[in-house]
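Novice: Here you go, my_file26.txt (compact mmCIF, C-alpha atoms):
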# COMPACT_ATOMS: atom_id res chain seq x y z
CA MET A 1 -30.28 -48.74 62.34
CA PHE A 2 -27.28 -50.50 60.79
CA GLU A 3 -29.22 -53.76 60.57
CA ARG A 4 -32.03 -52.05 58.66
CA ILE A 5 -29.57 -50.33 56.31
CA ARG A 6 -27.79 -53.66 55.78
CA SER A 7 -31.09 -55.29 54.83
CA ILE A 8 -31.97 -52.68 52.24
CA LEU A 9 -28.40 -52.79 50.88
CA ILE A 10 -28.72 -56.55 50.31
CA LYS A 11 -32.12 -55.99 48.68
CA GLU A 12 -30.72 -53.34 46.33
CA PHE A 13 -27.73 -55.43 45.24
CA LEU A 14 -29.96 -58.43 44.60
CA GLN A 15 -32.43 -56.31 42.65
CA VAL A 16 -29.70 -54.73 40.53
CA PHE A 17 -27.89 -57.95 39.67
CA ARG A 18 -31.09 -59.95 39.11
CA ASP A 19 -32.05 -57.90 36.05
CA PRO A 20 -30.07 -59.03 32.93
CA ARG A 21 -30.44 -55.64 31.29
CA MET A 22 -29.09 -53.93 34.39
CA ARG A 23 -26.11 -56.31 34.51
CA THR A 24 -25.35 -55.53 30.88
CA MET A 25 -25.55 -51.79 31.49
CA ILE A 26 -23.29 -52.02 34.54
CA PHE A 27 -20.59 -54.42 33.37
CA VAL A 28 -20.60 -54.57 29.57
CA SER A 29 -21.62 -51.07 28.51
CA PRO A 30 -18.78 -49.17 30.31
CA LEU A 31 -16.11 -51.49 28.89
CA VAL A 32 -17.46 -51.16 25.37
CA GLN A 33 -17.69 -47.39 25.72
CA VAL A 34 -14.16 -46.89 27.05
CA ILE A 35 -12.68 -49.09 24.30
CA VAL A 36 -14.68 -47.39 21.54
CA PHE A 37 -13.98 -43.90 22.88
CA GLY A 38 -10.34 -44.78 23.44
CA TYR A 39 -9.93 -45.30 19.71
CA ALA A 40 -12.45 -42.71 18.52
CA ALA A 41 -11.61 -39.79 20.85
CA ASN A 42 -8.39 -38.98 19.04
CA MET A 43 -7.69 -35.50 17.73
CA ASP A 44 -4.32 -36.42 16.19
CA VAL A 45 -4.24 -35.76 12.45
CA ARG A 46 -2.34 -38.39 10.49
CA ASN A 47 -2.43 -39.96 7.03
CA VAL A 48 -4.14 -36.97 5.45
CA PRO A 49 -5.19 -38.00 1.90
CA VAL A 50 -3.35 -35.78 -0.58
CA ALA A 51 -3.65 -35.26 -4.33
CA VAL A 52 -0.49 -34.22 -6.21
CA TYR A 53 -0.96 -31.72 -9.04
CA ASP A 54 2.60 -31.32 -10.42
CA LEU A 55 2.79 -29.31 -13.63
CA ASP A 56 6.50 -28.61 -13.08
CA ASN A 57 7.66 -32.23 -12.74
CA THR A 58 11.24 -31.37 -11.84
CA ARG A 59 13.63 -32.84 -9.31
CA GLU A 60 12.93 -29.95 -6.96
CA SER A 61 9.15 -30.38 -6.99
CA ARG A 62 9.43 -34.15 -6.58
CA ASP A 63 11.82 -33.64 -3.66
CA LEU A 64 9.30 -31.44 -1.83
CA ILE A 65 6.49 -33.90 -2.60
CA ARG A 66 8.59 -36.68 -1.06
CA SER A 67 9.06 -34.53 2.04
CA PHE A 68 5.29 -34.47 2.44
CA THR A 69 4.53 -38.08 1.59
CA TYR A 70 7.42 -39.60 3.59
CA SER A 71 6.09 -37.99 6.76
CA ARG A 72 3.46 -39.73 8.88
CA TYR A 73 1.02 -36.89 8.34
CA PHE A 74 0.37 -37.01 4.58
CA ARG A 75 -0.36 -39.83 2.13
CA ALA A 76 -0.32 -39.23 -1.65
CA ARG A 77 -3.44 -40.97 -2.90
CA TYR A 78 -3.99 -39.29 -6.27
CA ALA A 79 -1.88 -37.86 -9.10
CA ILE A 80 -3.94 -35.37 -11.10
CA SER A 81 -3.35 -33.11 -14.08
CA THR A 82 -6.46 -30.90 -14.45
CA ASP A 83 -8.39 -28.37 -12.39
CA ARG A 84 -11.52 -30.45 -12.85
CA GLU A 85 -9.94 -33.46 -11.15
CA GLN A 86 -8.77 -31.20 -8.35
CA ALA A 87 -12.26 -29.81 -7.74
CA GLY A 88 -13.85 -33.26 -7.94
CA LEU A 89 -11.57 -34.80 -5.29
CA ILE A 90 -12.03 -31.88 -2.89
CA ASN A 91 -15.80 -31.72 -3.37
CA ARG A 92 -16.22 -35.47 -2.80
CA ALA A 93 -13.94 -35.36 0.29
CA ARG A 94 -11.63 -37.97 -1.24
CA ALA A 95 -8.65 -35.68 -0.77
CA SER A 96 -8.22 -33.28 2.12
CA ALA A 97 -5.35 -31.40 0.51
CA VAL A 98 -3.82 -30.79 -2.91
CA LEU A 99 -0.14 -30.03 -3.53
CA ARG A 100 -0.04 -27.92 -6.69
CA PHE A 101 3.20 -26.97 -8.46
CA ASP A 102 3.00 -24.68 -11.48
CA ARG A 103 5.67 -24.64 -14.17
CA GLY A 104 8.83 -22.84 -13.13
CA PHE A 105 9.06 -24.06 -9.51
CA GLY A 106 12.33 -25.91 -10.06
CA ARG A 107 13.75 -23.11 -12.22
CA ASP A 108 13.10 -20.58 -9.48
CA ILE A 109 14.79 -22.80 -6.89
CA ARG A 110 17.85 -23.21 -9.06
CA GLY A 111 17.92 -19.46 -9.78
CA ASN A 112 17.91 -18.56 -6.05
CA ARG A 113 14.51 -16.93 -6.39
CA SER A 114 11.35 -17.33 -4.35
CA ALA A 115 9.60 -20.49 -5.59
CA PRO A 116 5.87 -20.47 -4.76
CA PHE A 117 3.66 -23.54 -4.72
CA GLN A 118 0.07 -23.95 -3.63
CA LEU A 119 -1.42 -26.03 -0.80
CA ILE A 120 -5.18 -26.33 -1.22
CA LEU A 121 -6.97 -27.43 1.96
CA ASP A 122 -10.49 -28.66 2.60
CA ALA A 123 -11.24 -26.39 5.58
CA THR A 124 -14.73 -27.73 6.29
CA ASP A 125 -13.31 -28.84 9.63
CA SER A 126 -11.40 -25.72 10.58
CA ASN A 127 -9.60 -27.36 13.51
CA THR A 128 -8.22 -30.19 11.38
CA ALA A 129 -7.29 -27.74 8.62
CA SER A 130 -5.33 -25.61 11.10
CA ILE A 131 -3.40 -28.65 12.32
CA VAL A 132 -2.65 -29.78 8.76
CA LEU A 133 -1.48 -26.26 7.92
CA GLY A 134 0.92 -26.36 10.86
CA TYR A 135 2.36 -29.71 9.76
CA ALA A 136 2.79 -28.41 6.20
CA GLY A 137 4.60 -25.32 7.46
CA GLN A 138 7.09 -27.46 9.37
CA ILE A 139 7.78 -29.64 6.33
CA VAL A 140 8.31 -26.63 4.05
CA ASP A 141 10.65 -25.00 6.59
CA GLU A 142 12.73 -28.18 6.78
CA TYR A 143 12.87 -28.40 3.00
CA ALA A 144 13.92 -24.76 2.69
CA GLY A 145 16.65 -25.37 5.27
CA ARG A 146 18.00 -28.32 3.28
CA VAL A 147 18.03 -26.27 0.08
CA LEU A 148 19.84 -23.40 1.80
CA ALA A 149 22.41 -25.74 3.33
CA GLY A 150 23.06 -27.33 -0.06
CA ARG A 151 23.55 -23.94 -1.71
CA GLU A 152 25.97 -22.74 0.94
CA ALA A 153 28.04 -25.90 0.55
CA THR A 154 28.55 -25.14 -3.17
CA TYR A 155 30.18 -21.77 -2.49
CA ALA A 156 33.97 -21.73 -2.42
CA GLY A 157 35.04 -21.47 1.17
CA GLY A 158 31.44 -21.61 2.35
CA ALA A 159 28.98 -18.81 2.89
CA PRO A 160 29.34 -16.38 5.77
CA ALA A 161 27.64 -17.37 9.00
CA ARG A 162 24.10 -16.10 9.46
CA PRO A 163 22.42 -15.38 12.79
CA SER A 164 19.67 -17.81 13.70
CA VAL A 165 17.37 -18.71 16.57
CA ASP A 166 17.57 -22.29 17.80
CA MET A 167 14.34 -23.27 19.57
CA ARG A 168 14.54 -26.56 21.44
CA VAL A 169 11.20 -27.90 22.59
CA ARG A 170 10.68 -30.08 25.66
CA THR A 171 7.17 -31.37 26.28
CA TRP A 172 6.06 -32.30 29.78
CA PHE A 173 3.43 -34.84 30.88
CA ASN A 174 2.48 -35.94 27.34
CA GLU A 175 5.84 -36.35 25.63
CA ASN A 176 4.51 -37.81 22.38
CA LEU A 177 1.59 -35.36 22.18
CA GLU A 178 -0.94 -38.21 22.08
CA SER A 179 -4.48 -36.88 22.27
CA THR A 180 -5.71 -40.25 23.61
CA ASP A 181 -3.70 -39.67 26.80
CA TYR A 182 -5.61 -36.42 27.27
CA TYR A 183 -9.11 -37.58 26.33
CA LEU A 184 -9.33 -41.05 27.89
CA PRO A 185 -9.30 -39.84 31.53
CA GLY A 186 -12.16 -37.57 30.50
CA VAL A 187 -14.02 -40.54 29.02
CA ILE A 188 -13.69 -42.33 32.38
CA ALA A 189 -15.18 -39.30 34.12
CA LEU A 190 -18.11 -39.19 31.68
CA ILE A 191 -18.89 -42.89 32.08
CA VAL A 192 -18.76 -42.71 35.89
CA THR A 193 -21.07 -39.68 35.74
CA VAL A 194 -23.64 -41.29 33.46
CA MET A 195 -23.72 -44.63 35.27
CA SER A 196 -24.05 -43.23 38.79
CA LEU A 197 -26.62 -40.67 37.68
CA LEU A 198 -28.82 -43.08 35.74
CA LEU A 199 -28.59 -45.95 38.22
CA THR A 200 -29.66 -43.78 41.12
CA ALA A 201 -32.49 -41.98 39.34
CA MET A 202 -33.94 -44.98 37.53
CA ALA A 203 -33.67 -47.47 40.39
CA ILE A 204 -35.68 -45.30 42.76
CA VAL A 205 -38.26 -44.45 40.12
CA ARG A 206 -38.58 -48.15 39.35
CA GLU A 207 -39.72 -48.67 42.95
CA LYS A 208 -42.51 -46.19 42.28
CA GLU A 209 -43.55 -47.89 39.06
CA ILE A 210 -43.80 -51.42 40.47
CA GLY A 211 -45.47 -50.21 43.67
CA THR A 212 -42.82 -51.25 46.19
CA MET A 213 -42.02 -47.69 47.30
CA GLU A 214 -45.22 -47.61 49.35
CA GLN A 215 -44.14 -50.78 51.12
CA LEU A 216 -40.79 -49.20 51.97
CA ILE A 217 -42.52 -46.08 53.27
CA VAL A 218 -44.71 -48.03 55.72
CA SER A 219 -41.77 -50.20 56.83
CA PRO A 220 -39.78 -49.39 60.01
CA LEU A 221 -37.13 -47.74 57.83
CA ARG A 222 -36.49 -44.10 58.57
CA PRO A 223 -35.99 -41.73 55.60
CA ILE A 224 -32.22 -41.38 56.21
CA GLU A 225 -31.86 -45.17 56.34
CA LEU A 226 -33.81 -45.55 53.12
CA ILE A 227 -31.69 -42.89 51.40
CA LEU A 228 -28.40 -44.46 52.52
CA GLY A 229 -29.60 -47.92 51.58
CA LYS A 230 -30.64 -46.69 48.15
CA ILE A 231 -27.57 -44.71 47.08
CA THR A 232 -24.75 -46.69 48.71
CA PRO A 233 -24.94 -49.68 46.31
CA PHE A 234 -24.68 -47.38 43.32
CA ALA A 235 -21.69 -45.60 44.86
CA VAL A 236 -19.96 -48.98 45.31
CA ILE A 237 -20.81 -49.99 41.74
CA ALA A 238 -19.55 -46.65 40.35
CA VAL A 239 -16.25 -46.92 42.23
CA GLY A 240 -15.81 -50.50 41.02
CA GLU A 241 -16.48 -49.42 37.43
CA MET A 242 -14.01 -46.60 37.78
CA PHE A 243 -11.24 -49.02 38.78
CA VAL A 244 -12.09 -51.39 35.92
CA LEU A 245 -11.96 -48.50 33.44
CA VAL A 246 -8.64 -47.30 34.87
CA ILE A 247 -7.17 -50.80 34.44
CA VAL A 248 -8.36 -50.91 30.82
CA ALA A 249 -6.96 -47.43 30.12
CA VAL A 250 -3.55 -48.24 31.61
CA ALA A 251 -3.17 -51.84 30.42
CA TRP A 252 -4.83 -51.59 26.98
CA PHE A 253 -4.17 -48.01 25.87
CA ASP A 254 -0.91 -47.43 27.79
CA ILE A 255 -2.24 -44.29 29.45
CA PRO A 256 0.28 -43.22 32.11
CA MET A 257 -0.88 -43.43 35.73
CA ARG A 258 1.59 -41.21 37.56
CA GLY A 259 -0.49 -40.24 40.60
CA GLY A 260 -1.77 -42.01 43.69
CA VAL A 261 -4.58 -44.55 43.55
CA LEU A 262 -5.83 -43.60 47.02
CA LEU A 263 -6.15 -39.96 45.97
CA LEU A 264 -8.10 -41.06 42.90
CA LEU A 265 -10.39 -43.18 45.08
CA GLY A 266 -11.02 -40.37 47.57
CA ALA A 267 -11.68 -37.79 44.86
CA THR A 268 -14.08 -40.15 43.08
CA ILE A 269 -16.06 -40.80 46.27
CA ILE A 270 -16.36 -37.05 46.88
CA TYR A 271 -17.42 -36.50 43.27
CA LEU A 272 -20.07 -39.21 43.58
CA LEU A 273 -21.77 -37.12 46.26
CA THR A 274 -22.82 -34.72 43.50
CA THR A 275 -23.92 -37.27 40.89
CA LEU A 276 -25.76 -39.46 43.40
CA GLY A 277 -27.39 -36.38 44.89
CA ILE A 278 -28.54 -35.17 41.48
CA GLY A 279 -29.84 -38.66 40.68
CA LEU A 280 -31.72 -38.65 43.97
CA PHE A 281 -33.23 -35.27 43.13
CA ILE A 282 -34.27 -36.46 39.66
CA SER A 283 -36.01 -39.44 41.25
CA THR A 284 -38.19 -37.09 43.29
CA ILE A 285 -39.43 -35.16 40.24
CA SER A 286 -39.88 -38.15 37.90
CA SER A 287 -42.79 -40.56 37.75
CA THR A 288 -41.46 -43.05 35.17
CA GLN A 289 -38.08 -44.45 34.21
CA GLN A 290 -38.30 -42.80 30.79
CA GLU A 291 -38.84 -39.45 32.44
CA ALA A 292 -35.92 -40.07 34.78
CA MET A 293 -33.65 -40.96 31.86
CA LEU A 294 -34.61 -37.83 29.92
CA SER A 295 -34.08 -35.67 33.00
CA SER A 296 -30.67 -37.26 33.57
CA PHE A 297 -29.53 -36.48 30.04
CA PHE A 298 -30.95 -32.96 30.38
CA PHE A 299 -28.35 -32.49 33.14
CA PHE A 300 -25.55 -34.53 31.57
CA PHE A 301 -25.26 -32.89 28.15
CA PRO A 302 -24.80 -29.30 29.43
CA ALA A 303 -22.43 -30.62 32.10
CA ASN A 304 -20.38 -32.32 29.40
CA LEU A 305 -20.27 -29.25 27.16
CA LEU A 306 -19.25 -26.98 30.05
CA SER A 307 -16.67 -29.33 31.56
CA GLY A 308 -13.76 -28.68 29.21
CA PHE A 309 -13.80 -32.24 27.89
CA THR A 310 -14.49 -31.26 24.28
CA TYR A 311 -14.14 -27.47 24.17
CA PRO A 312 -11.52 -25.49 26.14
CA ILE A 313 -13.14 -23.44 28.89
CA GLN A 314 -10.79 -20.51 28.25
CA ASN A 315 -12.28 -20.16 24.75
CA MET A 316 -15.82 -19.70 26.09
CA PRO A 317 -17.44 -16.28 26.71
CA VAL A 318 -16.84 -14.76 30.13
CA VAL A 319 -20.39 -15.37 31.36
CA ILE A 320 -20.25 -19.04 30.36
CA ARG A 321 -16.85 -19.43 32.04
CA TYR A 322 -18.41 -18.31 35.31
CA VAL A 323 -21.25 -20.80 34.84
CA THR A 324 -18.72 -23.65 34.55
CA TYR A 325 -17.72 -23.09 38.18
CA LEU A 326 -21.07 -24.63 39.13
CA ASN A 327 -20.31 -27.78 37.13
CA PRO A 328 -18.82 -30.60 39.27
CA LEU A 329 -17.59 -32.45 36.18
CA ARG A 330 -15.20 -29.58 35.47
CA TYR A 331 -13.35 -30.14 38.76
CA TYR A 332 -13.34 -33.93 38.43
CA LEU A 333 -11.74 -33.72 34.97
CA VAL A 334 -8.95 -31.53 36.34
CA ILE A 335 -8.37 -34.05 39.14
CA LEU A 336 -8.30 -37.07 36.83
CA ARG A 337 -5.92 -35.50 34.32
CA GLY A 338 -3.72 -34.21 37.10
CA ILE A 339 -3.46 -37.68 38.67
CA PHE A 340 -3.04 -39.56 35.39
CA LEU A 341 -0.74 -37.31 33.39
CA LYS A 342 0.99 -35.00 35.86
CA GLY A 343 1.18 -37.22 38.93
CA VAL A 344 0.33 -34.31 41.21
CA GLY A 345 -0.94 -34.78 44.75
CA ILE A 346 -3.45 -33.25 47.09
CA ASP A 347 -1.17 -30.24 47.65
CA ILE A 348 -1.99 -29.19 44.06
CA LEU A 349 -5.51 -30.60 43.68
CA TRP A 350 -6.99 -29.53 47.02
CA PRO A 351 -8.92 -26.54 45.56
CA GLN A 352 -10.79 -28.84 43.14
CA ILE A 353 -11.37 -31.48 45.83
CA LEU A 354 -12.65 -28.84 48.27
CA ALA A 355 -14.99 -27.40 45.63
CA LEU A 356 -16.35 -30.88 44.91
CA PHE A 357 -16.82 -31.60 48.61
CA VAL A 358 -18.77 -28.38 49.26
CA MET A 359 -20.83 -28.80 46.11
CA GLY A 360 -21.49 -32.48 46.84
CA LEU A 361 -22.49 -31.78 50.42
CA VAL A 362 -24.96 -29.10 49.37
CA VAL A 363 -26.45 -31.26 46.58
CA ILE A 364 -26.79 -34.43 48.65
CA VAL A 365 -28.36 -32.61 51.64
CA PHE A 366 -30.81 -30.72 49.44
CA SER A 367 -31.74 -33.84 47.47
CA ALA A 368 -32.12 -35.91 50.65
CA LEU A 369 -34.46 -33.28 52.16
CA LYS A 370 -36.46 -33.16 48.94
CA PHE A 371 -36.63 -36.97 48.82
CA ARG A 372 -37.65 -37.11 52.46
CA LYS A 373 -40.42 -34.57 51.85
CA THR A 374 -41.62 -36.62 48.89
CA LEU A 375 -41.78 -39.73 51.09
CA GLY A 376 -43.78 -37.81 53.63
Can you give me the file's structure in the form of structure tokens?
Specialist:
Amino acid sequence: MFERIRSILIKEFLQVFRDPRMRTMIFVSPLVQVIVFGYAANMDVRNVPVAVYDLDNTRESRDLIRSFTYSRYFRARYAISTDREQAGLINRARASAVLRFDRGFGRDIRGNRSAPFQLILDATDSNTASIVLGYAGQIVDEYAGRVLAGREATYAGGAPARPSVDMRVRTWFNENLESTDYYLPGVIALIVTVMSLLLTAMAIVREKEIGTMEQLIVSPLRPIELILGKITPFAVIAVGEMFVLVIVAVAWFDIPMRGGVLLLLGATIIYLLTTLGIGLFISTISSTQQEAMLSSFFFFFPANLLSGFTYPIQNMPVVIRYVTYLNPLRYYLVILRGIFLKGVGIDILWPQILALFVMGLVVIVFSALKFRKTLG
């Protein structure tokens, strides 16, 4: 039995690495994807292009403008003086925000009165607009605190003490609030999913297209030997890709790796039971490689949307949240982020690992029985 499995393993590795397109997809494509996604999958909002519409032109208005433009979040790109210029920049998406000061802003500040100014936001992207609004609120609060401190210092003997709340923030696991640290482990999970799914489904279907599947069926190989010989090479390739992507993430993007490598390896192998099993099932219902690819993406896109990679699961409707429990990618993302960012062990991640193991066992057994029936 082991000799027959060894023979088909050698055949599969040779067949995979003989094809230049397959070599490119295995070795080059994942590296390109993780580098591109590492830079692109970034939800941090910085260098927001701002237009300054200052009709007041006083020291006070210029001081607040400097508070905005000296931060890393806003960049003053335009100085405008008419409503038409304001509308044109917003409509053409050249400016994402406009700081508008009407006449009297500085006079109100000096007179200890409320001094309004206007922040006009392009809220086409509501998420980005909300983040920008939060940054602006912090800057205005700091400016107001400086103004108040300066006024109190001018009073003889100082102003009476005022009660205040001092909130001191301490962030865990992602101290600098870098979105890349959060998203890149998810990118690794997506690439491992796509590669293992496509390689398994398309490689088996390719045997059908070129007519070698019939030769394997009439060979002394038993169905279980054929299944093991077919999916094991792709499991080895997927694990190898995972380690390469982890090295790139840690060495190139400085993503922290606080957890155990052995736990990551074990969890990945268990997760591959589901993706390899689904790929095996797709191979039984597909007649061509194009059909197998379309079927693979028909599974992958809903799995991605329901995994929590892009959209928080807690924001989804209740029915959809229950559906996500059937998605193996959801559990694998929790495991990867827990190992990378939190450094937690199996004592914390065992529910996700157990769920993946049960799900993977069911999927691989069902797919193997379906594949065996197809061979028969």
Novice: Pick out the closest residue to A:Ile282 from this set: A:Ala129, A:Ile255, A:Val34, A:Leu197. Count all atoms listed in the file.
Specialist: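 Ranking A:Ala129, A:Ile255, A:Val34, A:Leu197 by distance to A:Ile282, first place goes to A:Leu197.
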Novice: Just how far from atom CA of A:Glu225 is atom CA of A:Lys11, in Å to one decimal?
Specialist: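 So the two atoms, atom CA of A:Lys11 and atom CA of A:Glu225, lie 13.3 Å apart.
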Novice: Under the rule that all atoms listed in the file are counted, which of A:Ala97, A:Leu349, A:Ile270, A:Val236 is the nearest residue to A:Val334?
Specialist: A:Leu349
Novice: With all atoms listed in the file as the counted atoms, please give the residues lying no more than 10 Å from A:Val261, apart from itself and same-chain residues fewer than 5 positions off, as a list in words.
Specialist: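 Counting all atoms listed in the file, the residues come to Phe243, Val246, Gly266, Ala267, Ile339 and Phe340 of chain A.
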Novice: Between A:Gly137, A:Pro20, A:Gly229, A:Gly104, which has the minimum distance to A:Arg6 (counting all atoms listed in the file)?
Specialist: A:Gly229
Novice: Which residues of stretch 27-129 of chain A have any atom within 10 Å of an atom in stretch 190-196 of chain A when counting all atoms listed in the file, and what is the closest pair of atoms for each, with the distance in Å to one decimal? Order the rows by chain and rising number and write it as a tab-separated table.
Specialist:
residue	atom	partner	partner_atom	distance
A:Ser29	CA	A:Ile191	CA	9.3
A:Pro30	CA	A:Ile191	CA	6.5
A:Leu31	CA	A:Ile191	CA	9.6
A:Gln33	CA	A:Ile191	CA	7.9
A:Val34	CA	A:Ile191	CA	8.0
Novice: Just how far from atom CA of A:Glu175 is atom CA of A:Glu142, in Å to one decimal?
Specialist: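 Interatomic distance here is 21.7 Å.
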Novice: Between A:Ala115, A:Gln314, A:Ser287, A:Thr274, which has the minimum distance to A:Leu326 (counting all atoms listed in the file)?
Specialist: A:Thr274
Novice: Quick one: residues within 12 Å of A:Thr69, only C-alpha atoms, excluding same-chain residues fewer than 6 positions away - as a PDB file with C-alpha atoms, in the frame of the given file?
Specialist:
ATOM      1  CA  ARG A  46      -2.340 -38.390  10.490  1.00  0.00           C
ATOM      2  CA  ASN A  47      -2.430 -39.960   7.030  1.00  0.00           C
ATOM      3  CA  VAL A  48      -4.140 -36.970   5.450  1.00  0.00           C
ATOM      4  CA  PRO A  49      -5.190 -38.000   1.900  1.00  0.00           C
ATOM      5  CA  VAL A  50      -3.350 -35.780  -0.580  1.00  0.00           C
ATOM      6  CA  ALA A  51      -3.650 -35.260  -4.330  1.00  0.00           C
ATOM      7  CA  VAL A  52      -0.490 -34.220  -6.210  1.00  0.00           C
ATOM      8  CA  ARG A  62       9.430 -34.150  -6.580  1.00  0.00           C
ATOM      9  CA  ASP A  63      11.820 -33.640  -3.660  1.00  0.00           C
ATOM     10  CA  ARG A  75      -0.360 -39.830   2.130  1.00  0.00           C
ATOM     11  CA  ALA A  76      -0.320 -39.230  -1.650  1.00  0.00           C
ATOM     12  CA  ARG A  77      -3.440 -40.970  -2.900  1.00  0.00           C
ATOM     13  CA  TYR A  78      -3.990 -39.290  -6.270  1.00  0.00           C
ATOM     14  CA  ALA A  97      -5.350 -31.400   0.510  1.00  0.00           C
ATOM     15  CA  VAL A  98      -3.820 -30.790  -2.910  1.00  0.00           C
ATOM     16  CA  LEU A  99      -0.140 -30.030  -3.530  1.00  0.00           C
ATOM     17  CA  TYR A 135       2.360 -29.710   9.760  1.00  0.00           C
ATOM     18  CA  ALA A 136       2.790 -28.410   6.200  1.00  0.00           C
ATOM     19  CA  ILE A 139       7.780 -29.640   6.330  1.00  0.00           C
TER      20      ILE A 139
END
Novice: Mind pulling up the distance from atom CA of A:Leu89 to atom CA of A:Arg59?
Specialist: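 Pair atom CA of A:Arg59 / atom CA of A:Leu89 returns 25.6 Å.
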Novice: Would you mind listing what lies within 12 Å of stretch 290-292 of chain A as a PyMOL selection string, with all atoms listed in the file counted and same-chain residues fewer than 2 positions away left out?
Specialist: chain A and resi 197-206+208-209+278-288+294-299
Novice: Can you tell me which residues surround A:Leu336 at a distance of at most 8 Å, considering all atoms listed in the file, apart from same-chain residues fewer than 5 positions away, and format the answer as a ChimeraX atom specification?
Specialist: /A:185-186,189,264
